[in-house]
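K.L.:
I am attaching a structure below and will ask some questions about it afterwards.
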Amino acid sequence: MHGVHLTPLGGENRRGVVPITDAITVPLPARQREPLLIIIDGLSLRRIWTTHLVTFAHYHSYAAATPLEAYIWCMQHPIVPQAFLLGQIEEQGQFFVQRLRQWCLQQQTGRHHKEPPLIALTHYLPDMTFIGTYEAIGSEYGCFELLEMLWATVPRCVR
């Protein structure tokens with residue numbers, strides 16, 4: 001069985017894993033930022049797992065627990081997301097997801113306005129389970145499917 005080893009916030013890095021805070025908050029130069037993926041999931045384990053997966057695939061991402069948190073972050077940063085990866089979202093959060101998509105359309109210039117796709121993480125990674133304090137098992141097949149779909153929908157900017 002393969003698992004991801006998570007480092008707790010502020011904890012020791014005993015297994016040589018990049019701390020979660022570094023993977024999410026390290027700023028990139030402007031020419032290398034895009035494509036940006038916004039990950040919104042109330043299930044922290046799947047959110048962290050997905051962040052590591054898309055970072056490994058050379059995507060820049062911002063992970064938020066709620067749509068409101070993602071909305072506030074997007075209003076403070078002039079980067080238009082190329083896709084939204086949505087996991088567990090409460091009913092009242094749907095409003096902010098719609099507002100984010102509208103904002104993305106307003107920020108685009110030119111004739112080719114493309115609405116960022118919404119990708120359901122629950123379809124690709126429905127069975128995230130703990131097997132230990134900092135280990136988790138996800139569907140490896142689901143990870144491959146998610147990456148294949150992302151590569152087809154959101155081209156990477158590798159420099």
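Residues in the structure tokens are numbered from 1 in each chain, the chains being A, B, ... in the order shown, and ligands are numbered from 1 in the order shown.
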Write out as an NGL selection string each polymer residue whose atoms come within 9 Å of Tyr141 in chain A, counting only C-alpha atoms; drop sequence neighbours fewer than 4 positions from it.
P.N.:
:A and (124-125 or 145-146)
K.L.:
Rounded to one decimal in Å, what is the spacing between CA of Glu91 in chain A and CA of Ala65 in chain A?
P.N.:
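The value is 13.7 Å.
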K.L.:
Counting only C-alpha atoms, which of A:Val80, A:Ala70, A:Ile39, A:Met149 gets nearest to Gln106 in chain A?
P.N.:
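Checking each of A:Val80, A:Ala70, A:Ile39, A:Met149 against Gln106 in chain A, counting only C-alpha atoms, the winner is A:Val80.
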K.L.:
Determine the nearest neighbour of Ala120 in chain A from the options A:Gln107, A:Gln102, A:Ser61, A:Gln88, counting only C-alpha atoms.
P.N.:
A:Gln88
K.L.:
With distances taken over only C-alpha atoms, which residue among A:Leu45, A:Val54, A:Cys74, A:Ile38 lies nearest Cys143 in chain A?
P.N.:
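Closest residue, counting only C-alpha atoms: A:Val54.
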K.L.:
Run DSSP on the backbone of this structure and report the residues of range 23-107 of chain A it assigns to helix (DSSP H, G or I), as a ChimeraX atom specification.
P.N.:
/A:23-25,30-32,44-56,67-76,91-107
K.L.:
Find the residue from A:Pro81, A:Val97, A:Gly87, A:Leu36 that sits nearest to Ile48 in chain A; use only C-alpha atoms when measuring.
P.N.:
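The shortest atom-to-atom distance to Ile48 in chain A comes from A:Gly87.
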K.L.:
Please provide as an MDAnalysis selection string all residues within 9 Å of Tyr71 in chain A, with the sequence filter that same-chain residues fewer than 2 positions apart are discarded (counting only C-alpha atoms).
P.N.:
chainID A and resid 66:69 73:76 96:97 99:100
K.L.:
The selected residues should be written to file as a PDB file, in the first residue's frame (atoms: C-alpha atoms).
P.N.:
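Final output, again_4.pdb:
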```pdb
ATOM      1  CA  THR A  66     -14.350  26.996   2.508  1.00  0.00           C
ATOM      2  CA  PRO A  67     -15.472  28.886  -0.598  1.00  0.00           C
ATOM      3  CA  LEU A  68     -15.495  32.136   1.415  1.00  0.00           C
ATOM      4  CA  GLU A  69     -11.800  31.680   2.253  1.00  0.00           C
ATOM      5  CA  TRP A  73      -7.894  35.104  -1.279  1.00  0.00           C
ATOM      6  CA  CYS A  74      -8.824  35.594  -4.952  1.00  0.00           C
ATOM      7  CA  MET A  75      -9.958  39.171  -4.309  1.00  0.00           C
ATOM      8  CA  GLN A  76      -6.565  39.906  -2.738  1.00  0.00           C
ATOM      9  CA  PHE A  96     -19.228  32.116  -3.178  1.00  0.00           C
ATOM     10  CA  VAL A  97     -18.317  29.469  -5.757  1.00  0.00           C
ATOM     11  CA  ARG A  99     -19.260  34.605  -7.369  1.00  0.00           C
ATOM     12  CA  LEU A 100     -15.726  33.290  -7.927  1.00  0.00           C
TER      13      LEU A 100
END
```
K.L.:
Using only C-alpha atoms, which residue out of A:Glu148, A:Gln92, A:Val154, A:Gln82 lies closest to Gln108 in chain A?
P.N.:
A:Gln82
K.L.:
Taking 6 positions as the minimum chain separation for residues in the same chain, which residues sit within 9 Å of Leu150 in chain A when counting only C-alpha atoms? Answer as an MDAnalysis selection string.
P.N.:
chainID A and resid 54 83 119 156
